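What follows is the content of start_13.cif, which has mmCIF, C-alpha atoms and all ligand atoms:
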```
data_entry
loop_
_atom_site.label_atom_id
_atom_site.label_comp_id
_atom_site.auth_asym_id
_atom_site.auth_seq_id
_atom_site.Cartn_x
_atom_site.Cartn_y
_atom_site.Cartn_z
CA MET A 216 62.76 111.84 76.23
CA LYS A 217 61.11 109.87 79.00
CA LYS A 218 63.55 108.20 81.34
CA ILE A 219 62.93 104.57 82.24
CA LEU A 220 64.52 103.38 85.45
CA VAL A 221 65.63 99.79 85.90
CA THR A 222 63.22 99.36 88.78
CA GLN A 223 60.58 101.19 90.74
CA SER A 224 59.29 100.25 94.19
CA SER A 225 55.71 99.11 94.45
CA MET A 226 53.62 101.19 96.85
CA PRO A 227 50.28 100.58 98.50
CA PRO A 228 47.77 103.45 98.31
CA PHE A 229 48.96 106.22 100.65
CA GLU A 230 45.76 106.16 102.73
CA GLU A 231 46.12 102.46 103.26
CA TYR A 232 49.56 102.87 104.80
CA VAL A 233 48.41 105.78 106.98
CA GLU A 234 45.55 103.65 108.28
CA GLU A 235 47.94 100.78 108.96
CA ILE A 236 50.33 102.86 111.08
CA ARG A 237 47.58 104.60 113.10
CA SER A 238 47.65 101.96 115.83
CA ILE A 239 51.42 102.42 116.22
CA TRP A 240 50.70 105.99 117.43
CA ASP A 241 48.19 104.65 119.92
CA SER A 242 50.45 101.92 121.29
CA ARG A 243 53.79 103.76 121.05
CA TRP A 244 55.33 100.37 120.43
CA LEU A 245 57.73 101.15 117.60
CA THR A 246 59.99 98.13 117.42
CA ASN A 247 61.14 95.03 119.36
CA PHE A 248 58.75 92.34 118.14
CA GLY A 249 55.50 94.34 118.24
CA SER A 250 52.06 93.45 116.93
CA LYS A 251 52.73 94.52 113.30
CA HIS A 252 55.81 92.33 113.38
CA ALA A 253 53.73 89.40 114.63
CA GLU A 254 51.00 89.96 112.07
CA LEU A 255 53.43 90.18 109.15
CA SER A 256 55.23 87.03 110.36
CA ASP A 257 51.95 85.09 110.31
CA LYS A 258 50.89 86.41 106.91
CA LEU A 259 54.28 85.57 105.40
CA CYS A 260 54.30 82.01 106.80
CA GLU A 261 50.93 81.47 105.21
CA TYR A 262 51.88 83.00 101.85
CA LEU A 263 55.25 81.27 101.62
CA GLY A 264 53.85 77.98 102.90
CA VAL A 265 56.43 77.66 105.69
CA GLN A 266 56.29 76.89 109.43
CA ASN A 267 59.02 79.07 110.90
CA ILE A 268 60.07 82.61 110.10
CA ALA A 269 62.32 85.24 111.64
CA LEU A 270 61.95 88.79 110.30
CA PHE A 271 65.06 90.94 110.04
CA VAL A 272 65.89 94.59 109.49
CA ASN A 273 67.20 93.67 106.02
CA GLY A 274 68.07 90.68 103.92
CA HIS A 275 71.79 90.89 104.52
CA SER A 276 71.47 90.72 108.29
CA ALA A 277 69.07 87.80 107.77
CA LEU A 278 71.84 86.01 105.85
CA GLU A 279 74.33 86.69 108.61
CA GLY A 280 71.79 85.66 111.27
CA MET A 281 71.13 82.41 109.43
CA LEU A 282 74.82 81.53 109.39
CA GLU A 283 75.27 82.62 113.01
CA VAL A 284 72.45 80.47 114.38
CA MET A 285 73.69 77.39 112.55
CA ASP A 286 77.06 77.69 114.30
CA LEU A 287 79.29 76.78 111.36
CA LYS A 288 83.02 76.48 110.88
CA GLY A 289 85.07 76.06 107.74
CA GLU A 290 84.07 76.30 104.10
CA VAL A 291 80.76 77.20 102.53
CA ILE A 292 80.20 76.30 98.88
CA THR A 293 78.40 79.05 97.00
CA THR A 294 78.53 80.79 93.61
CA PRO A 295 80.23 84.04 92.60
CA PHE A 296 77.30 84.94 90.32
CA THR A 297 75.32 86.79 92.97
CA PHE A 298 74.99 90.07 94.80
CA ALA A 299 77.97 90.98 97.01
CA SER A 300 75.80 90.33 100.07
CA THR A 301 75.90 86.52 99.72
CA THR A 302 79.68 86.32 99.66
CA ASN A 303 80.17 89.11 102.19
CA ALA A 304 77.89 87.37 104.71
CA ILE A 305 79.97 84.19 104.49
CA VAL A 306 83.25 86.06 104.90
CA ARG A 307 81.94 88.31 107.69
CA LYS A 308 80.83 85.25 109.68
CA GLY A 309 84.39 83.92 109.62
CA LEU A 310 83.69 81.30 106.99
CA LYS A 311 85.51 80.66 103.73
CA PRO A 312 83.58 80.85 100.48
CA VAL A 313 84.36 78.15 97.93
CA PHE A 314 83.03 79.11 94.51
CA CYS A 315 81.21 76.52 92.44
CA ASP A 316 80.40 77.28 88.80
CA ILE A 317 76.88 77.95 87.54
CA ASP A 318 74.55 76.43 84.97
CA PRO A 319 74.63 78.40 81.67
CA ASN A 320 70.83 78.30 81.25
CA ASP A 321 69.38 79.14 84.65
CA PHE A 322 72.52 80.71 86.21
CA THR A 323 72.12 78.83 89.52
CA LEU A 324 74.78 76.61 91.12
CA ASP A 325 75.65 73.73 88.78
CA ALA A 326 74.97 70.70 90.97
CA ASP A 327 77.07 68.50 88.67
CA LYS A 328 80.13 70.49 89.75
CA LEU A 329 79.23 70.58 93.43
CA GLU A 330 80.85 67.37 94.63
CA ALA A 331 84.24 68.42 93.29
CA CYS A 332 84.14 71.49 95.58
CA ILE A 333 83.65 69.48 98.77
CA THR A 334 86.62 69.10 101.11
CA GLU A 335 86.96 67.84 104.69
CA ASN A 336 86.41 71.46 105.81
CA THR A 337 83.10 71.95 104.01
CA CYS A 338 80.26 72.66 106.44
CA ALA A 339 77.47 74.03 104.25
CA ILE A 340 76.22 74.88 100.78
CA MET A 341 74.70 78.27 100.04
CA PRO A 342 73.25 78.36 96.52
CA VAL A 343 71.31 81.34 95.15
CA HIS A 344 67.91 81.23 93.41
CA VAL A 345 69.20 83.86 90.96
CA TYR A 346 66.50 85.99 89.28
CA GLY A 347 63.95 83.75 91.01
CA ASN A 348 65.17 80.69 89.05
CA VAL A 349 64.94 77.68 91.33
CA CYS A 350 68.22 75.86 92.02
CA GLN A 351 68.58 72.12 91.39
CA VAL A 352 67.19 71.57 94.86
CA GLU A 353 66.77 67.78 94.76
CA LYS A 354 70.28 67.07 93.51
CA ILE A 355 71.81 69.57 95.93
CA GLN A 356 69.97 67.97 98.85
CA GLN A 357 71.10 64.49 97.82
CA ILE A 358 74.72 65.56 97.83
CA ALA A 359 74.29 67.46 101.10
CA ASP A 360 72.79 64.38 102.74
CA LYS A 361 75.58 62.16 101.45
CA TYR A 362 78.25 64.41 103.00
CA ASN A 363 76.20 65.57 106.00
CA LEU A 364 76.21 69.24 105.00
CA LYS A 365 73.72 72.00 105.76
CA VAL A 366 72.00 73.78 102.88
CA PHE A 367 71.06 77.46 103.08
CA TYR A 368 69.48 79.25 100.17
CA ASP A 369 69.87 82.87 99.27
CA ALA A 370 66.27 83.26 98.11
CA ALA A 371 66.43 87.07 97.97
CA HIS A 372 65.04 86.96 94.41
CA ALA A 373 62.57 84.14 94.91
CA PHE A 374 59.73 85.54 96.99
CA GLY A 375 56.55 83.58 96.23
CA VAL A 376 58.23 81.17 93.79
CA LYS A 377 57.00 77.58 93.91
CA LYS A 378 58.29 74.34 92.49
CA ASN A 379 55.76 71.54 92.01
CA GLY A 380 53.42 73.59 94.17
CA VAL A 381 55.91 73.77 97.05
CA GLY A 382 57.07 77.18 98.28
CA VAL A 383 60.76 77.65 97.57
CA GLY A 384 61.44 78.37 101.27
CA ASN A 385 60.86 74.72 102.08
CA PHE A 386 64.07 73.54 100.46
CA GLY A 387 67.24 73.05 102.50
CA ASP A 388 67.67 73.85 106.19
CA ALA A 389 66.87 77.54 105.83
CA SER A 390 66.35 80.27 103.22
CA MET A 391 66.78 84.02 103.27
CA PHE A 392 64.32 86.40 101.60
CA SER A 393 65.05 90.08 101.06
CA PHE A 394 62.29 92.65 101.43
CA HIS A 395 64.37 95.54 100.13
CA ALA A 396 62.47 98.32 98.35
CA THR A 397 63.56 97.02 94.94
CA LYS A 398 62.43 93.44 95.45
CA VAL A 399 59.12 91.87 94.30
CA PHE A 400 57.75 92.16 97.83
CA HIS A 401 59.17 94.75 100.21
CA SER A 402 58.93 96.33 103.66
CA ILE A 403 61.09 99.35 102.65
CA GLU A 404 64.11 97.57 104.11
CA GLY A 405 63.62 94.11 105.49
CA GLY A 406 64.28 90.43 105.20
CA ALA A 407 63.54 87.08 106.71
CA VAL A 408 64.91 83.65 107.36
CA VAL A 409 62.54 80.73 107.01
CA TYR A 410 63.80 77.52 108.53
CA SER A 411 62.79 73.92 109.07
CA ASP A 412 63.95 73.22 112.65
CA GLY A 413 61.32 74.75 114.97
CA SER A 414 63.60 74.31 117.99
CA LEU A 415 65.70 77.22 116.69
CA VAL A 416 63.03 79.82 117.46
CA ASN A 417 64.86 81.22 120.50
CA ALA A 418 68.21 81.22 118.76
CA PHE A 419 66.69 83.22 115.92
CA LYS A 420 65.18 85.67 118.38
CA GLN A 421 68.50 86.13 120.18
CA CYS A 422 70.54 86.57 117.03
CA ARG A 423 68.41 89.61 116.17
CA ASP A 424 68.50 91.08 119.67
CA PHE A 425 72.09 91.22 120.94
CA GLY A 426 71.92 87.61 122.12
CA ILE A 427 69.59 88.57 124.98
CA SER A 428 67.99 85.38 126.28
CA GLY A 429 66.29 86.61 129.47
CA PRO A 430 65.90 89.70 131.69
CA GLU A 431 69.34 89.15 133.19
CA ASP A 432 70.92 86.85 130.71
CA ILE A 433 72.84 87.42 127.49
CA HIS A 434 73.52 84.18 125.71
CA TYR A 435 75.94 85.27 123.02
CA THR A 436 77.43 88.29 121.29
CA ALA A 437 74.89 88.92 118.57
CA GLY A 438 74.08 92.24 116.90
CA ASN A 439 70.83 94.08 116.25
CA GLY A 440 68.73 92.76 113.39
CA LYS A 441 65.17 93.61 114.42
CA MET A 442 62.52 94.81 111.95
CA ASN A 443 60.63 97.89 113.18
CA GLU A 444 56.84 98.34 113.21
CA PHE A 445 56.74 100.88 110.36
CA SER A 446 58.52 98.47 108.06
CA ALA A 447 56.25 95.64 109.17
CA ALA A 448 53.22 97.87 108.46
CA MET A 449 54.51 98.52 104.92
CA GLY A 450 54.96 94.78 104.53
CA ILE A 451 51.39 94.12 105.68
CA CYS A 452 50.06 96.61 103.12
CA ASN A 453 52.18 95.22 100.31
CA MET A 454 51.08 91.67 101.13
CA ARG A 455 47.50 92.67 100.26
CA HIS A 456 48.59 93.53 96.72
CA ILE A 457 51.27 90.93 96.07
CA ASN A 458 49.32 88.67 93.71
CA GLU A 459 48.25 91.63 91.63
CA GLU A 460 51.85 92.90 91.53
CA ILE A 461 53.17 89.56 90.31
CA ALA A 462 50.39 89.33 87.70
CA LYS A 463 51.39 92.75 86.34
CA ARG A 464 55.05 91.74 86.22
CA LYS A 465 54.04 88.62 84.32
CA LYS A 466 52.44 90.76 81.60
CA VAL A 467 55.63 92.83 81.28
CA VAL A 468 57.78 89.70 81.04
CA GLU A 469 55.49 88.14 78.44
CA LYS A 470 55.75 91.30 76.33
CA TYR A 471 59.55 91.25 76.57
CA ARG A 472 59.66 87.58 75.56
CA GLU A 473 57.35 88.16 72.63
CA LEU A 474 59.47 91.03 71.30
CA LEU A 475 62.96 89.63 71.96
CA GLN A 476 62.59 85.89 71.42
CA ASP A 477 63.83 85.75 67.85
CA ILE A 478 66.81 88.11 67.94
CA PRO A 479 69.97 86.12 67.12
CA GLY A 480 72.51 86.29 69.94
CA ILE A 481 70.04 87.45 72.59
CA GLN A 482 69.57 84.65 75.11
CA LEU A 483 66.50 84.94 77.33
CA ASN A 484 66.06 83.53 80.81
CA VAL A 485 64.79 79.93 80.93
CA ILE A 486 61.21 79.05 81.66
CA GLN A 487 61.64 76.31 84.26
CA GLU A 488 59.33 73.32 84.20
CA ASN A 489 56.83 73.02 87.07
CA VAL A 490 57.95 76.35 88.50
CA GLU A 491 55.57 79.14 89.38
CA SER A 492 57.66 82.25 88.72
CA ASN A 493 57.52 85.64 90.45
CA TYR A 494 58.86 87.50 87.38
CA ALA A 495 61.46 89.25 89.52
CA TYR A 496 64.01 90.14 86.81
CA PHE A 497 64.42 90.12 83.07
CA PRO A 498 68.03 89.19 82.31
CA ILE A 499 69.30 88.86 78.75
CA VAL A 500 72.64 87.36 77.78
CA VAL A 501 74.21 89.09 74.79
CA HIS A 502 76.34 86.84 72.59
CA PRO A 503 78.40 89.16 70.34
CA GLU A 504 79.36 86.37 67.90
CA HIS A 505 75.68 86.18 66.84
CA TYR A 506 74.35 89.58 67.83
CA GLY A 507 77.21 91.62 66.42
CA HIS A 508 77.55 93.86 69.47
CA THR A 509 78.52 93.34 73.09
CA ARG A 510 76.53 93.61 76.31
CA ASP A 511 78.25 96.92 76.97
CA ASP A 512 77.10 98.19 73.56
CA VAL A 513 73.49 97.34 74.46
CA PHE A 514 73.90 99.01 77.85
CA ALA A 515 75.24 102.17 76.17
CA ALA A 516 72.54 102.22 73.45
CA LEU A 517 69.83 101.96 76.12
CA ALA A 518 71.49 104.63 78.29
CA GLU A 519 71.55 106.95 75.29
CA GLN A 520 67.76 106.63 75.13
CA GLY A 521 67.38 107.32 78.85
CA ILE A 522 66.78 103.66 79.64
CA GLY A 523 68.44 102.21 82.71
CA ALA A 524 69.60 98.62 82.47
CA ARG A 525 71.85 96.95 84.99
CA LYS A 526 74.92 94.72 84.66
CA TYR A 527 73.51 92.37 87.25
CA PHE A 528 75.60 90.46 88.17
CA TYR A 529 78.88 91.91 87.06
CA PRO A 530 81.59 91.59 88.22
CA LEU A 531 81.70 88.22 89.98
CA THR A 532 81.91 88.37 93.77
CA SER A 533 85.14 86.36 93.60
CA THR A 534 86.70 89.59 92.28
CA ILE A 535 85.72 91.69 95.34
CA GLU A 536 88.90 93.59 96.12
CA SER A 537 89.61 91.89 99.44
CA LEU A 538 89.16 88.44 97.85
CA ARG A 539 90.84 89.09 94.52
CA SER A 540 94.21 87.73 95.55
CA ILE A 541 92.69 84.46 96.79
CA TYR A 542 90.34 83.53 93.93
CA ASP A 543 90.63 83.28 90.17
CA PRO A 544 87.42 84.07 88.28
CA ASN A 545 88.59 81.69 85.55
CA ASP A 546 88.00 78.83 88.01
CA THR A 547 84.29 79.41 87.36
CA PRO A 548 84.38 79.92 83.57
CA VAL A 549 80.62 79.74 82.99
CA ALA A 550 79.94 82.34 85.68
CA GLN A 551 82.68 84.53 84.22
CA HIS A 552 81.23 84.16 80.72
CA VAL A 553 77.68 85.02 81.83
CA ALA A 554 78.80 87.95 84.03
CA ASN A 555 80.56 89.48 81.01
CA ARG A 556 77.44 89.19 78.83
CA VAL A 557 74.43 89.61 81.08
CA LEU A 558 72.18 92.64 81.35
CA THR A 559 68.92 92.96 83.28
CA LEU A 560 66.32 95.13 81.58
CA PRO A 561 63.89 97.42 83.41
CA LEU A 562 61.13 95.47 85.16
CA TYR A 563 58.50 96.50 87.66
CA ALA A 564 54.76 96.04 88.00
CA ASN A 565 53.82 99.45 86.61
CA LEU A 566 56.21 99.43 83.68
CA ALA A 567 54.06 100.39 80.67
CA LEU A 568 53.95 97.91 77.79
CA GLU A 569 54.73 100.80 75.41
CA ASP A 570 57.93 101.35 77.36
CA VAL A 571 58.77 97.67 76.94
CA GLU A 572 58.26 98.14 73.21
CA ARG A 573 60.60 101.11 73.22
CA ILE A 574 63.27 99.15 75.11
CA CYS A 575 62.99 96.17 72.79
CA SER A 576 63.19 98.32 69.68
CA VAL A 577 66.54 99.67 70.88
CA VAL A 578 67.83 96.11 71.27
CA ARG A 579 66.43 95.12 67.88
CA SER A 580 67.70 98.12 65.93
CA LEU A 581 71.19 97.83 67.39
CA LYS A 582 71.33 94.30 65.97
CA ASN A 583 70.83 95.69 62.50
CA LYS A 584 73.50 98.37 62.79
C1 LIG A 601 68.96 92.03 97.71
C2 LIG A 601 69.87 90.85 97.87
C3 LIG A 601 70.49 90.54 99.10
C4 LIG A 601 70.50 91.47 100.28
O1 LIG A 601 69.25 91.84 100.73
P1 LIG A 601 69.05 93.30 101.41
O2 LIG A 601 67.62 93.22 101.87
O3 LIG A 601 69.25 94.32 100.35
O4 LIG A 601 70.00 93.42 102.53
C5 LIG A 601 71.22 89.37 99.19
N1 LIG A 601 71.35 88.54 98.15
C6 LIG A 601 70.80 88.81 96.95
C7 LIG A 601 70.97 87.83 95.83
C8 LIG A 601 70.06 89.98 96.77
O5 LIG A 601 69.56 90.26 95.57
#
```
Have the structure of the file written as structure tokens, please.
Amino acid sequence: MKKILVTQSSMPPFEEYVEEIRSIWDSRWLTNFGSKHAELSDKLCEYLGVQNIALFVNGHSALEGMLEVMDLKGEVITTPFTFASTTNAIVRKGLKPVFCDIDPNDFTLDADKLEACITENTCAIMPVHVYGNVCQVEKIQQIADKYNLKVFYDAAHAFGVKKNGVGVGNFGDASMFSFHATKVFHSIEGGAVVYSDGSLVNAFKQCRDFGISGPEDIHYTAGNGKMNEFSAAMGICNMRHINEEIAKRKKVVEKYRELLQDIPGIQLNVIQENVESNYAYFPIVVHPEHYGHTRDDVFAALAEQGIGARKYFYPLTSTIESLRSIYDPNDTPVAQHVANRVLTLPLYANLALEDVERICSVVRSLKNK
């Protein structure tokens, strides 16, 4: 029985990477804002349609860097339906997460419930473009403007996504992208913050480099978040193939949709209007009252066939052990409901369509059991 993993990293041809790193041997410049770093920064700005970018060693440190540079205090409104990183970054920067519920169709922060979460201590909003679904960016910005709040997006899933032709990194004050090996675009490990205020360029440099602001001057107590040249070289190679990668993912997603669309109790991800998707994930929500079995049953049936699916995101980040005594997951009932029912199916550019058929037949035959 052939195993199918939930994801598989995309790789450029081996020779292409070798060629790309040759000049690193010649220069012996391995890290600290080298020429690969500069080249990748330029290519990403162009591709994402943004003005300002700061590359980081990984997406999580990009999130922390983003919060650090903005010099915030108090509460940050976010959602618990995300990867632990989002919530952990807020807590680790000395801020208090306030959990807003999510929309049951696109799983992003429900902007209609946002205003009720605002207090006199609120300083920022950090919504997540979950699965590459674009948040209600206009409504969120309106509310942020009304209360004079910053907006930072966790855009880890949304590389290359556009709404009305505008790159998703242009919404809010700043957005974080993750370039982890499992993401649509990767630099092995890596991440970036794109931001609107060009005057922050030095602050973003310092927050990645111990706060060093000059040969004999350290401005503040930052950590080390620099991306190295080998990662940047991988990013440069992967950038050359990104459109092709997304096109292949699209084919996989279309196959899934075709084969799963009419199964009662299996809810598929929304297709958002005027959004150019990156086909990052394929979540299904299993409704036992119509499907006859639970999400965990589907997970187990797939596992039995050597197919890896992922309970992503489960559990909610409001149940992280150190936060459990402070938050009640029932305060975000929609997020709780979705987390208990959601499953992401295998998805990567080279996933064979026959494998998609095999996966879907497991989901279909379980329904009839
Ligand atoms: C991957 C991910 C991160 C963290 O990025 P890393 O590059 O793995 O550090 C943060 N938030 C979300 C939603 C993610 O999926």
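Considering the residues A:Phe314, A:Phe394, A:Phe386, A:Phe367 and counting all atoms listed in the file, ligand LIG 601 (chain A) has its shortest atom-to-atom contact with A:Phe394.
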Checklist outcome for this item: Atom pair CA of Cys575 (chain A) + CA of Phe528 (chain A), distance 20.7 Å
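Distances to Ser414 (chain A) were evaluated for A:Ile355, A:Gly264, A:Val284, A:Glu536 using all atoms listed in the file, and the minimum falls at A:Val284.
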Item to check | Contacts of His275 (chain A) within 9 Å, only C-alpha atoms, excl. fewer than 4 positions in-chain, as an MDAnalysis selection string | outcome: chainID A and resid 271 279:280 300:301 303:304 391 393 405:406
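Rounded to one decimal, CA of Asp316 (chain A) and CA of Cys332 (chain A) lie 9.7 Å from each other.
Compared by their closest atoms to ligand LIG 601 (chain A), and using only C-alpha atoms and all ligand atoms, the residues A:Ser402, A:Asn267, A:Asn385, A:Thr334 rank with A:Ser402 nearest.
We find CA of Ala389 (chain A) and CA of Lys365 (chain A) to be spaced 8.8 Å apart.
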Checklist entry - Skipping near chain neighbours, those fewer than 6 positions away, what residues fall within 12 Å of Val578 (chain A) using all atoms listed in the file, listed as a PyMOL selection string? => result chain A and resi 471+474-481+499-501+506-518+520+522+524+558+560+571-572+584
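Of the listed residues (A:Arg243, A:His434, A:His344, A:Arg573), A:His344 comes nearest to ligand LIG 601 (chain A); the distances count only C-alpha atoms and all ligand atoms.
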Item to check | Using only C-alpha atoms and all ligand atoms: which of A:Asn458, A:Gln223, A:Thr532, A:Asn565 has the shortest distance to ligand LIG 601 (chain A) | outcome: A:Thr532
